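Q: Just so it is clear, I am handing over protein.cif, which has mmCIF, C-alpha atoms.
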data_query
loop_
_atom_site.label_atom_id
_atom_site.label_comp_id
_atom_site.auth_asym_id
_atom_site.auth_seq_id
_atom_site.Cartn_x
_atom_site.Cartn_y
_atom_site.Cartn_z
CA MET A 1 -11.37 75.41 50.03
CA LEU A 2 -14.50 73.76 48.57
CA ASP A 3 -12.42 71.61 46.24
CA ARG A 4 -10.29 70.49 49.18
CA VAL A 5 -13.41 69.57 51.16
CA SER A 6 -14.79 67.54 48.24
CA GLU A 7 -11.49 65.70 47.85
CA ILE A 8 -11.38 64.79 51.57
CA GLU A 9 -15.05 63.74 51.46
CA THR A 10 -14.61 61.34 48.53
CA ARG A 11 -11.47 59.72 49.93
CA ALA A 12 -12.68 59.50 53.53
CA LEU A 13 -16.06 57.94 52.70
CA ARG A 14 -14.24 55.29 50.67
CA GLU A 15 -11.85 54.57 53.56
CA ILE A 16 -14.70 54.43 56.09
CA ALA A 17 -16.57 51.88 53.97
CA ALA A 18 -13.38 49.80 53.66
CA ALA A 19 -12.45 49.81 57.36
CA ALA A 20 -11.85 46.17 58.32
CA SER A 21 -12.09 46.47 62.12
CA LEU A 22 -13.44 48.66 64.90
CA GLU A 23 -9.89 49.65 65.78
CA ALA A 24 -9.14 50.76 62.20
CA LEU A 25 -12.41 52.70 62.07
CA GLU A 26 -11.58 54.50 65.32
CA ARG A 27 -8.16 55.53 63.99
CA LEU A 28 -9.85 56.90 60.86
CA ARG A 29 -12.37 58.87 62.96
CA VAL A 30 -9.59 60.49 64.94
CA ALA A 31 -7.68 61.32 61.73
CA LEU A 32 -10.72 63.06 60.28
CA LEU A 33 -12.69 64.49 63.20
CA GLY A 34 -10.21 64.57 66.09
CA ARG A 35 -8.71 67.76 67.48
CA LYS A 36 -5.91 67.48 64.96
CA GLY A 37 -8.01 65.85 62.22
CA GLU A 38 -8.20 67.02 58.62
CA LEU A 39 -11.77 68.32 58.81
CA THR A 40 -11.12 70.03 62.13
CA ALA A 41 -8.14 71.82 60.57
CA LEU A 42 -10.32 73.10 57.72
CA LEU A 43 -12.85 74.51 60.19
CA ARG A 44 -10.07 76.36 62.01
CA SER A 45 -8.80 77.83 58.73
CA LEU A 46 -12.15 79.40 57.77
CA GLY A 47 -11.00 82.68 59.30
CA GLU A 48 -8.35 82.98 56.58
CA LEU A 49 -11.00 83.08 53.79
CA PRO A 50 -12.52 86.31 52.48
CA ALA A 51 -15.58 87.31 54.49
CA GLY A 52 -17.95 86.60 51.58
CA GLU A 53 -16.77 82.96 51.19
CA ARG A 54 -16.84 81.98 54.83
CA PRO A 55 -20.59 81.14 55.21
CA ALA A 56 -20.71 78.79 52.21
CA ALA A 57 -17.42 77.11 53.13
CA GLY A 58 -18.47 76.66 56.78
CA GLN A 59 -21.80 75.16 55.77
CA ARG A 60 -20.09 72.75 53.38
CA VAL A 61 -17.58 71.58 55.99
CA ASN A 62 -20.35 70.96 58.58
CA GLU A 63 -22.35 68.97 56.03
CA VAL A 64 -19.33 66.77 55.31
CA ARG A 65 -18.68 66.36 59.05
CA ALA A 66 -22.26 65.17 59.54
CA ARG A 67 -21.87 62.68 56.67
CA PHE A 68 -18.64 61.38 58.19
CA GLU A 69 -20.26 60.88 61.60
CA GLN A 70 -23.22 59.06 60.04
CA ALA A 71 -20.98 56.87 57.87
CA ILE A 72 -18.72 56.03 60.82
CA ALA A 73 -21.71 55.13 63.03
CA SER A 74 -23.17 52.92 60.30
CA ARG A 75 -19.87 51.14 59.68
CA ARG A 76 -19.29 50.69 63.42
CA ALA A 77 -22.66 48.94 63.75
CA GLU A 78 -21.80 46.65 60.84
CA LEU A 79 -18.41 45.74 62.26
CA ALA A 80 -19.84 45.18 65.75
CA GLY A 81 -22.50 42.88 64.34
CA THR A 82 -19.88 40.93 62.39
CA ALA A 83 -17.66 40.58 65.48
CA ARG A 84 -20.62 39.49 67.59
CA GLN A 85 -21.64 36.95 65.01
CA ALA A 86 -18.10 35.61 64.91
CA ARG A 87 -18.07 35.24 68.70
CA LEU A 88 -21.43 33.51 68.63
CA SER A 89 -20.18 31.12 65.99
CA GLU A 90 -17.13 30.30 68.10
CA GLN A 91 -19.26 29.75 71.19
CA ALA A 92 -22.08 27.95 69.42
CA LEU A 93 -23.52 25.00 71.33
CA ASP A 94 -23.98 21.78 69.44
CA VAL A 95 -27.26 20.57 70.88
CA THR A 96 -26.74 17.16 69.31
CA LEU A 97 -23.82 16.39 71.63
CA PRO A 98 -24.58 14.12 74.63
CA GLY A 99 -24.98 15.96 77.92
CA ARG A 100 -22.43 15.91 80.73
CA LEU A 101 -23.87 14.29 83.80
CA HIS A 102 -23.08 15.78 87.19
CA ARG A 103 -21.14 13.36 89.34
CA ILE A 104 -23.21 12.57 92.42
CA GLY A 105 -21.26 12.21 95.66
CA THR A 106 -21.65 9.26 98.02
CA ARG A 107 -21.08 8.74 101.71
CA HIS A 108 -17.58 7.88 102.85
CA PRO A 109 -17.17 4.14 103.54
CA ILE A 110 -16.53 4.80 107.24
CA THR A 111 -19.70 6.88 107.44
CA GLN A 112 -21.66 4.08 105.77
CA VAL A 113 -20.36 1.52 108.27
CA LEU A 114 -20.92 3.84 111.23
CA ASP A 115 -24.52 4.46 110.18
CA GLU A 116 -25.16 0.74 109.82
CA ILE A 117 -23.69 0.00 113.25
CA LYS A 118 -25.80 2.72 114.84
CA ALA A 119 -28.94 1.40 113.16
CA ILE A 120 -28.36 -2.08 114.61
CA PHE A 121 -27.88 -0.81 118.17
CA VAL A 122 -30.78 1.61 117.93
CA GLY A 123 -32.87 -1.41 116.91
CA MET A 124 -31.78 -3.05 120.19
CA GLY A 125 -32.96 -0.07 122.21
CA PHE A 126 -29.79 1.99 122.48
CA GLU A 127 -29.71 5.80 122.38
CA VAL A 128 -27.08 7.65 120.31
CA VAL A 129 -25.19 10.36 122.24
CA GLU A 130 -22.20 12.41 121.05
CA GLY A 131 -19.56 14.33 123.00
CA PRO A 132 -16.75 16.85 122.41
CA GLU A 133 -13.59 15.85 120.52
CA VAL A 134 -11.55 18.39 122.52
CA GLU A 135 -11.89 16.89 125.97
CA LEU A 136 -10.91 17.60 129.56
CA TYR A 137 -8.22 15.46 131.18
CA HIS A 138 -10.71 14.60 133.94
CA TYR A 139 -13.19 12.94 131.59
CA ASN A 140 -10.64 11.34 129.27
CA PHE A 141 -8.52 9.72 132.00
CA GLU A 142 -9.19 10.57 135.64
CA ALA A 143 -12.89 9.74 135.79
CA LEU A 144 -12.20 6.49 133.91
CA ASN A 145 -9.97 5.15 136.68
CA TYR A 146 -6.65 5.61 134.89
CA PRO A 147 -3.73 5.48 137.35
CA GLU A 148 -1.41 8.46 137.21
CA GLU A 149 1.47 6.38 135.83
CA HIS A 150 -0.60 4.87 133.00
CA PRO A 151 1.37 5.16 129.70
CA ALA A 152 -1.71 6.30 127.75
CA MET A 153 -1.53 9.62 129.58
CA ASP A 154 2.01 10.28 128.39
CA GLU A 155 2.41 13.07 125.85
CA GLN A 156 3.83 10.53 123.40
CA ASP A 157 0.38 8.91 123.15
CA SER A 158 -1.97 11.91 123.38
CA PHE A 159 -2.36 15.28 121.70
CA TYR A 160 -2.45 17.84 124.51
CA VAL A 161 -3.70 21.40 124.06
CA THR A 162 -2.87 22.34 127.66
CA ASP A 163 -2.13 20.26 130.77
CA GLU A 164 -5.87 19.87 131.34
CA ILE A 165 -7.19 19.80 127.74
CA LEU A 166 -6.44 17.30 125.00
CA LEU A 167 -7.89 15.70 121.88
CA ARG A 168 -9.84 12.75 123.19
CA THR A 169 -8.11 9.40 122.82
CA GLN A 170 -11.37 7.43 123.02
CA THR A 171 -15.14 7.94 123.10
CA SER A 172 -15.35 6.61 126.67
CA PRO A 173 -15.55 10.14 128.18
CA VAL A 174 -19.09 10.37 126.80
CA GLN A 175 -20.00 7.50 129.12
CA VAL A 176 -18.95 9.50 132.19
CA ARG A 177 -20.63 12.70 130.99
CA VAL A 178 -23.97 10.94 130.51
CA MET A 179 -23.84 8.98 133.77
CA GLU A 180 -23.11 12.17 135.72
CA GLN A 181 -26.36 13.66 134.45
CA ARG A 182 -28.71 10.68 134.29
CA GLN A 183 -29.85 7.81 136.47
CA PRO A 184 -30.06 4.14 135.39
CA PRO A 185 -31.27 2.30 133.46
CA LEU A 186 -29.11 3.48 130.56
CA ARG A 187 -28.44 1.96 127.14
CA ILE A 188 -26.13 4.32 125.23
CA ILE A 189 -23.85 4.25 122.20
CA ALA A 190 -21.40 7.12 121.58
CA PRO A 191 -19.81 7.25 118.11
CA GLY A 192 -17.08 9.71 117.17
CA ARG A 193 -13.60 10.57 115.99
CA THR A 194 -10.62 10.04 118.28
CA TYR A 195 -6.90 10.89 118.21
CA ARG A 196 -3.67 9.28 119.36
CA ARG A 197 0.00 9.76 118.56
CA GLU A 198 0.41 6.62 116.48
CA ALA A 199 2.90 5.85 113.74
CA VAL A 200 0.74 5.54 110.62
CA SER A 201 0.85 2.05 109.14
CA VAL A 202 -1.35 -0.49 107.35
CA ARG A 203 -3.37 -1.03 110.55
CA LEU A 204 -2.91 2.20 112.56
CA SER A 205 -3.60 5.91 112.13
CA HIS A 206 -3.35 8.95 114.38
CA THR A 207 -7.00 9.77 113.63
CA PHE A 208 -9.65 7.05 113.78
CA HIS A 209 -13.25 6.37 114.75
CA GLN A 210 -14.65 4.55 117.75
CA LEU A 211 -18.11 3.62 118.94
CA GLU A 212 -18.55 3.35 122.68
CA GLY A 213 -21.51 1.37 123.99
CA TYR A 214 -22.66 0.63 127.51
CA GLU A 215 -25.59 -0.43 129.64
CA VAL A 216 -26.14 0.37 133.33
CA ALA A 217 -28.99 -1.08 135.38
CA GLN A 218 -29.66 -3.46 138.27
CA GLY A 219 -28.43 -7.03 137.89
CA ILE A 220 -26.24 -6.52 134.80
CA THR A 221 -23.71 -9.34 134.24
CA PHE A 222 -20.96 -10.27 131.77
CA ALA A 223 -23.44 -12.62 130.12
CA ASP A 224 -25.54 -9.60 129.10
CA LEU A 225 -22.48 -8.07 127.46
CA LYS A 226 -21.63 -11.25 125.54
CA GLY A 227 -25.19 -11.70 124.39
CA THR A 228 -25.44 -8.12 123.12
CA LEU A 229 -22.14 -8.29 121.24
CA ALA A 230 -22.94 -11.70 119.78
CA MET A 231 -26.24 -10.39 118.47
CA PHE A 232 -24.51 -7.39 116.90
CA VAL A 233 -21.73 -9.48 115.30
CA ARG A 234 -24.17 -11.91 113.73
CA GLU A 235 -26.37 -9.08 112.48
CA PHE A 236 -23.52 -7.05 111.00
CA PHE A 237 -20.95 -9.65 109.92
CA GLY A 238 -23.22 -12.59 109.21
CA PRO A 239 -24.59 -15.56 111.15
CA ASP A 240 -21.51 -17.74 110.50
CA THR A 241 -19.02 -15.27 111.99
CA GLN A 242 -17.05 -16.69 114.92
CA LEU A 243 -16.41 -14.65 118.10
CA ARG A 244 -13.51 -14.88 120.50
CA PHE A 245 -13.28 -13.27 123.93
CA ARG A 246 -9.85 -13.12 125.59
CA PRO A 247 -8.92 -11.66 128.98
CA ASP A 248 -7.50 -8.15 128.74
CA PHE A 249 -6.99 -5.10 130.92
CA PHE A 250 -8.64 -1.69 130.77
CA PRO A 251 -8.65 0.73 133.71
CA PHE A 252 -12.37 1.41 133.41
CA THR A 253 -13.64 -2.20 133.27
CA GLU A 254 -13.16 -5.24 135.51
CA PRO A 255 -13.15 -7.98 134.35
CA SER A 256 -12.03 -6.91 130.86
CA ALA A 257 -11.77 -8.70 127.53
CA ASP A 258 -11.02 -8.07 123.89
CA LEU A 259 -13.47 -9.19 121.22
CA SER A 260 -12.15 -10.67 117.99
CA ILE A 261 -13.92 -12.14 114.99
CA THR A 262 -12.70 -14.35 112.19
CA CYS A 263 -10.82 -12.14 109.70
CA GLY A 264 -13.02 -11.44 106.71
CA LEU A 265 -10.06 -10.61 104.46
CA CYS A 266 -8.23 -13.92 104.75
CA ARG A 267 -11.11 -16.07 106.09
CA GLY A 268 -8.94 -17.16 108.98
CA ALA A 269 -5.88 -18.07 106.90
CA GLY A 270 -3.78 -15.15 108.18
CA CYS A 271 -2.87 -11.83 106.55
CA ALA A 272 -1.12 -8.51 107.31
CA VAL A 273 -4.30 -6.95 108.69
CA CYS A 274 -4.92 -9.70 111.26
CA LYS A 275 -1.18 -10.18 111.93
CA GLN A 276 -1.33 -13.68 110.42
CA SER A 277 -3.58 -14.82 113.28
CA GLY A 278 -6.80 -15.30 111.37
CA TRP A 279 -8.59 -13.14 113.95
CA LEU A 280 -9.44 -9.45 113.74
CA GLU A 281 -9.75 -7.57 117.02
CA ILE A 282 -12.68 -5.16 116.80
CA ALA A 283 -13.50 -4.19 120.38
CA GLY A 284 -12.42 -3.97 123.99
CA CYS A 285 -15.11 -4.65 126.58
CA GLY A 286 -15.88 -5.55 130.18
CA LEU A 287 -17.96 -4.76 133.23
CA ILE A 288 -17.77 -1.11 134.24
CA HIS A 289 -15.30 -0.67 137.10
CA GLU A 290 -16.76 0.14 140.52
CA ASN A 291 -14.57 3.24 140.78
CA VAL A 292 -16.10 4.64 137.57
CA LEU A 293 -19.60 4.02 138.91
CA ARG A 294 -18.74 5.81 142.16
CA THR A 295 -17.18 8.75 140.32
CA CYS A 296 -20.47 9.20 138.45
CA GLY A 297 -22.50 9.09 141.65
CA TYR A 298 -23.76 5.49 141.37
CA ASP A 299 -23.76 2.88 144.13
CA PRO A 300 -21.99 -0.30 142.88
CA GLU A 301 -24.03 -2.28 145.40
CA GLN A 302 -27.24 -1.21 143.67
CA VAL A 303 -26.35 -1.05 139.95
CA SER A 304 -23.80 -2.56 137.59
CA GLY A 305 -23.01 -2.18 133.94
CA TRP A 306 -20.92 -3.23 130.98
CA ALA A 307 -19.17 -1.25 128.25
CA PHE A 308 -17.42 -1.88 124.95
CA GLY A 309 -15.54 0.18 122.38
CA PHE A 310 -15.45 -0.64 118.66
CA GLY A 311 -12.74 0.37 116.20
CA VAL A 312 -15.00 1.48 113.34
CA ASP A 313 -12.17 1.83 110.82
CA ARG A 314 -11.13 -1.81 111.21
CA ILE A 315 -14.73 -2.93 110.83
CA ALA A 316 -14.94 -0.89 107.61
CA MET A 317 -11.77 -2.61 106.39
CA TRP A 318 -13.44 -5.97 107.01
CA ARG A 319 -16.70 -4.93 105.38
CA PHE A 320 -15.16 -3.64 102.13
CA GLY A 321 -12.10 -5.89 101.90
CA ILE A 322 -9.60 -3.04 102.37
CA ASP A 323 -6.12 -4.06 103.47
CA ASP A 324 -4.65 -0.60 104.22
CA ILE A 325 -6.29 1.82 106.66
CA ARG A 326 -4.46 4.77 105.05
CA LEU A 327 -6.75 4.56 102.02
CA PHE A 328 -9.58 6.04 104.11
CA TRP A 329 -7.64 9.30 104.54
CA ASP A 330 -5.82 9.72 101.21
CA ASN A 331 -8.79 11.47 99.51
CA ASP A 332 -8.05 9.48 96.35
CA MET A 333 -11.17 9.81 94.19
CA ARG A 334 -10.37 6.56 92.41
CA PHE A 335 -10.77 4.83 95.76
CA LEU A 336 -13.79 6.79 97.02
CA ARG A 337 -15.80 6.40 93.80
CA GLN A 338 -16.02 2.67 94.50
CA PHE A 339 -18.48 3.38 97.31
#
Would you kindly transcribe this structure into structure tokens?
A:
Amino acid sequence: MLDRVSEIETRALREIAAAASLEALERLRVALLGRKGELTALLRSLGELPAGERPAAGQRVNEVRARFEQAIASRRAELAGTARQARLSEQALDVTLPGRLHRIGTRHPITQVLDEIKAIFVGMGFEVVEGPEVELYHYNFEALNYPEEHPAMDEQDSFYVTDEILLRTQTSPVQVRVMEQRQPPLRIIAPGRTYRREAVSVRLSHTFHQLEGYEVAQGITFADLKGTLAMFVREFFGPDTQLRFRPDFFPFTEPSADLSITCGLCRGAGCAVCKQSGWLEIAGCGLIHENVLRTCGYDPEQVSGWAFGFGVDRIAMWRFGIDDIRLFWDNDMRFLRQF
């Protein structure tokens, strides 16, 4: 028995010292000290020895077991340290490498243009007011003097949620909401996102931005409207920019006009964005219709007003020289990083 223990001890200590991995060491531990291990089997066979030999044999086996456990623990620590060092070497950071700079985001080009427009009108004494994008039929059409047969109210042109609720097609409803709650004089701009069922093209999108502006007070005339818009155009587009007013029709203004400026992309020569005309339409405008004033509780004999609505996306196209409105919505980082 004692010779067998010495033989196992010599061989096992050599194998423990030579174990190349934690997995190999664990297999060796189980083979020696597990329930079916060699040393465990010797302990179970002590009962077969003569009574006088059992104490010495049992003591010797326990001593060897303790040596095995100590040797295994020591080798496990060595292997773990080696593995950790290997991982650290693989993950080592070369502090001499140049750092990676975090990419800083910028404002979307439409947001930049919208902020600049708002700043100009605020400088002229206008107040910024916002309204809901999901709007009531009453505010989007009815209160703005739209006749029942007007094509803009057809489902082909508007996104309806129910018969009485839709995604607003313009920012003009904000005008009615404010005038219902306040008394003149008013100088308001209402920026926001709007929605229409449009076939997406170079110039059109189903989702776009508008900026509604209006003034209501005593003695307001069309000349006040032209003067305000001329001041804005020269401030935003430059002092040499030409303006053109042409008669138009809008249910909520009378008389009505569209405002165009010389196309900044082609400098008046004609391109796809300006439909080869050399002019870029940026706004509809006019004197607020008497019916709208009455709907809001105003007396047209006492007060008058004017209103306009800008297409912010088209102005952004002019500002940055962009010839396709779809680029604003493609989320192409190559495009957005330019701003």
Q: Would you please work out which residue, of A:Trp306, A:Trp329, A:Trp318, A:Phe249, is nearest to Leu186 of chain A when using all atoms listed in the file?
A: A:Trp306
Q: Using all atoms listed in the file, which protein or nucleic acid residues come within 12 Å of Thr162 of chain A? Drop anything in the same chain fewer than 6 positions from it, and give the result as an MDAnalysis selection string.
A: chainID A and resid 134:137 155
Q: Nearest residue to Asp299 of chain A out of A:Pro151, A:Pro184, A:Gly131, A:Pro55, using only C-alpha atoms?
A: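 Smallest distance to Asp299 of chain A is found for A:Pro184.
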Q: Report as a tab-separated table the residues of segment 16-40 of chain A within 7 Å of segment 60-76 of chain A, each with its shortest atom pair and distance in Å (one decimal), using only C-alpha atoms, ordered by chain and increasing residue number.
A:
residue	atom	partner	partner_atom	distance
A:Ile16	CA	A:Ile72	CA	6.4
A:Ala17	CA	A:Arg75	CA	6.6
A:Leu22	CA	A:Arg76	CA	6.4
Q: Counting all atoms listed in the file, find residues at most 12 Å from (-24.5, -11.4, 124.3) (file frame) and give them as a PDB file with C-alpha atoms, in the coordinates of the input.
A:
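Just written: selection.pdb:
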ATOM      1  CA  MET A 124     -31.780  -3.050 120.190  1.00  0.00           C
ATOM      2  CA  ILE A 220     -26.240  -6.520 134.800  1.00  0.00           C
ATOM      3  CA  THR A 221     -23.710  -9.340 134.240  1.00  0.00           C
ATOM      4  CA  PHE A 222     -20.960 -10.270 131.770  1.00  0.00           C
ATOM      5  CA  ALA A 223     -23.440 -12.620 130.120  1.00  0.00           C
ATOM      6  CA  ASP A 224     -25.540  -9.600 129.100  1.00  0.00           C
ATOM      7  CA  LEU A 225     -22.480  -8.070 127.460  1.00  0.00           C
ATOM      8  CA  LYS A 226     -21.630 -11.250 125.540  1.00  0.00           C
ATOM      9  CA  GLY A 227     -25.190 -11.700 124.390  1.00  0.00           C
ATOM     10  CA  THR A 228     -25.440  -8.120 123.120  1.00  0.00           C
ATOM     11  CA  LEU A 229     -22.140  -8.290 121.240  1.00  0.00           C
ATOM     12  CA  ALA A 230     -22.940 -11.700 119.780  1.00  0.00           C
ATOM     13  CA  MET A 231     -26.240 -10.390 118.470  1.00  0.00           C
ATOM     14  CA  PHE A 232     -24.510  -7.390 116.900  1.00  0.00           C
ATOM     15  CA  VAL A 233     -21.730  -9.480 115.300  1.00  0.00           C
ATOM     16  CA  ARG A 234     -24.170 -11.910 113.730  1.00  0.00           C
ATOM     17  CA  LEU A 243     -16.410 -14.650 118.100  1.00  0.00           C
ATOM     18  CA  PHE A 245     -13.280 -13.270 123.930  1.00  0.00           C
ATOM     19  CA  LEU A 259     -13.470  -9.190 121.220  1.00  0.00           C
ATOM     20  CA  CYS A 285     -15.110  -4.650 126.580  1.00  0.00           C
ATOM     21  CA  GLY A 286     -15.880  -5.550 130.180  1.00  0.00           C
ATOM     22  CA  TRP A 306     -20.920  -3.230 130.980  1.00  0.00           C
ATOM     23  CA  PHE A 308     -17.420  -1.880 124.950  1.00  0.00           C
TER      24      PHE A 308
END
Q: Between atom CA of Ala24 of chain A and atom CA of Gln59 of chain A, measure the distance and give it in Å to one decimal.
A: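 Interatomic distance here is 28.2 Å.
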Q: Quote the spacing between atom CA of Cys263 of chain A and atom CA of Pro109 of chain A in Å to one decimal place.
A: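 Computing it gives 18.5 Å between the two atoms.
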Q: May I have the residues within 8 Å of Arg187 of chain A as a list in words, using all atoms listed in the file and disregarding those fewer than 5 positions away in the same chain?
A: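 Here the answer would be Gly125, Phe126, Glu127, Gly213, Tyr214, Glu215 and Val216 of chain A.
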Q: If the PyMOL selection byres ((chain A and resi 293) around 12) is run on the structure shown, which residues does it catch, given as a ChimeraX atom specification?
A: /A:143-145,175-180,183-184,215-217,252-254,287-292,294-307
Q: Grab the atom CA of Arg244 of chain A to atom CA of Ile261 of chain A distance for me, in Å with one decimal place.
A: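 Distance reported for this atom pair: 6.2 Å.
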Q: Determine the residue set returned by the PyMOL selection byres ((chain A and resi 167) around 7) for the present structure, and present it as a list in words.
A: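 Here the PyMOL selection byres ((chain A and resi 167) around 7) matches Glu133, Val134, Glu135, Phe159, Tyr160, Leu166, Arg168, Thr169 and Tyr195 of chain A.
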Q: Find the spatial neighbours of Glu116 of chain A, counting only C-alpha atoms, within a cut-off of 12 Å - ignore same-chain residues fewer than 2 positions away - and output them as number ranges by chain.
A: A: 109-114, 118-123, 191, 211, 232, 235-237, 312, 315-316, 319
Q: Write to file, as a PDB file, keeping the file's coordinate frame, the residues of the selection just made, with C-alpha atoms.
A:
ATOM      1  CA  PRO A 109     -17.170   4.140 103.540  1.00  0.00           C
ATOM      2  CA  ILE A 110     -16.530   4.800 107.240  1.00  0.00           C
ATOM      3  CA  THR A 111     -19.700   6.880 107.440  1.00  0.00           C
ATOM      4  CA  GLN A 112     -21.660   4.080 105.770  1.00  0.00           C
ATOM      5  CA  VAL A 113     -20.360   1.520 108.270  1.00  0.00           C
ATOM      6  CA  LEU A 114     -20.920   3.840 111.230  1.00  0.00           C
ATOM      7  CA  LYS A 118     -25.800   2.720 114.840  1.00  0.00           C
ATOM      8  CA  ALA A 119     -28.940   1.400 113.160  1.00  0.00           C
ATOM      9  CA  ILE A 120     -28.360  -2.080 114.610  1.00  0.00           C
ATOM     10  CA  PHE A 121     -27.880  -0.810 118.170  1.00  0.00           C
ATOM     11  CA  VAL A 122     -30.780   1.610 117.930  1.00  0.00           C
ATOM     12  CA  GLY A 123     -32.870  -1.410 116.910  1.00  0.00           C
ATOM     13  CA  PRO A 191     -19.810   7.250 118.110  1.00  0.00           C
ATOM     14  CA  LEU A 211     -18.110   3.620 118.940  1.00  0.00           C
ATOM     15  CA  PHE A 232     -24.510  -7.390 116.900  1.00  0.00           C
ATOM     16  CA  GLU A 235     -26.370  -9.080 112.480  1.00  0.00           C
ATOM     17  CA  PHE A 236     -23.520  -7.050 111.000  1.00  0.00           C
ATOM     18  CA  PHE A 237     -20.950  -9.650 109.920  1.00  0.00           C
ATOM     19  CA  VAL A 312     -15.000   1.480 113.340  1.00  0.00           C
ATOM     20  CA  ILE A 315     -14.730  -2.930 110.830  1.00  0.00           C
ATOM     21  CA  ALA A 316     -14.940  -0.890 107.610  1.00  0.00           C
ATOM     22  CA  ARG A 319     -16.700  -4.930 105.380  1.00  0.00           C
TER      23      ARG A 319
END
Q: Under the rule that only C-alpha atoms are counted, which of A:Glu212, A:Tyr146, A:Glu78, A:Asp332 is the nearest residue to Ala18 of chain A?
A: A:Glu78
Q: Please write the residues picked by the PyMOL selection byres ((chain A and resi 5) around 9) on this file as a list in words.
A: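 For this structure, the PyMOL selection byres ((chain A and resi 5) around 9) captures Met1, Leu2, Asp3, Arg4, Ser6, Glu7, Ile8, Glu9, Thr10, Leu39, Leu42, Ala57, Arg60, Val61 and Val64 of chain A.
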Q: Keeping only C-alpha atoms, take the residues you just selected and write them out as a CSV table (one decimal), in the coordinates of the input.
A:
chain,number,residue,atom,x,y,z
A,1,MET,CA,-11.4,75.4,50.0
A,2,LEU,CA,-14.5,73.8,48.6
A,3,ASP,CA,-12.4,71.6,46.2
A,4,ARG,CA,-10.3,70.5,49.2
A,6,SER,CA,-14.8,67.5,48.2
A,7,GLU,CA,-11.5,65.7,47.8
A,8,ILE,CA,-11.4,64.8,51.6
A,9,GLU,CA,-15.0,63.7,51.5
A,10,THR,CA,-14.6,61.3,48.5
A,39,LEU,CA,-11.8,68.3,58.8
A,42,LEU,CA,-10.3,73.1,57.7
A,57,ALA,CA,-17.4,77.1,53.1
A,60,ARG,CA,-20.1,72.8,53.4
A,61,VAL,CA,-17.6,71.6,56.0
A,64,VAL,CA,-19.3,66.8,55.3
Q: With distances taken over all atoms listed in the file, which residue among A:Ala283, A:Met317, A:Ile117, A:Leu93 lies nearest Phe250 of chain A?
A: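 Ranking A:Ala283, A:Met317, A:Ile117, A:Leu93 by distance to Phe250 of chain A, first place goes to A:Ala283.
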Q: Excluding Arg44 of chain A and its own-chain neighbours fewer than 4 positions away, which residues fall within 12 Å of it when counting only C-alpha atoms? Please give them as a list in words.
A: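 Residues meeting the cut-off are Arg35, Lys36, Gly37, Glu38, Leu39, Thr40, Glu48, Leu49, Arg54, Ala57, Gly58 and Val61 of chain A.
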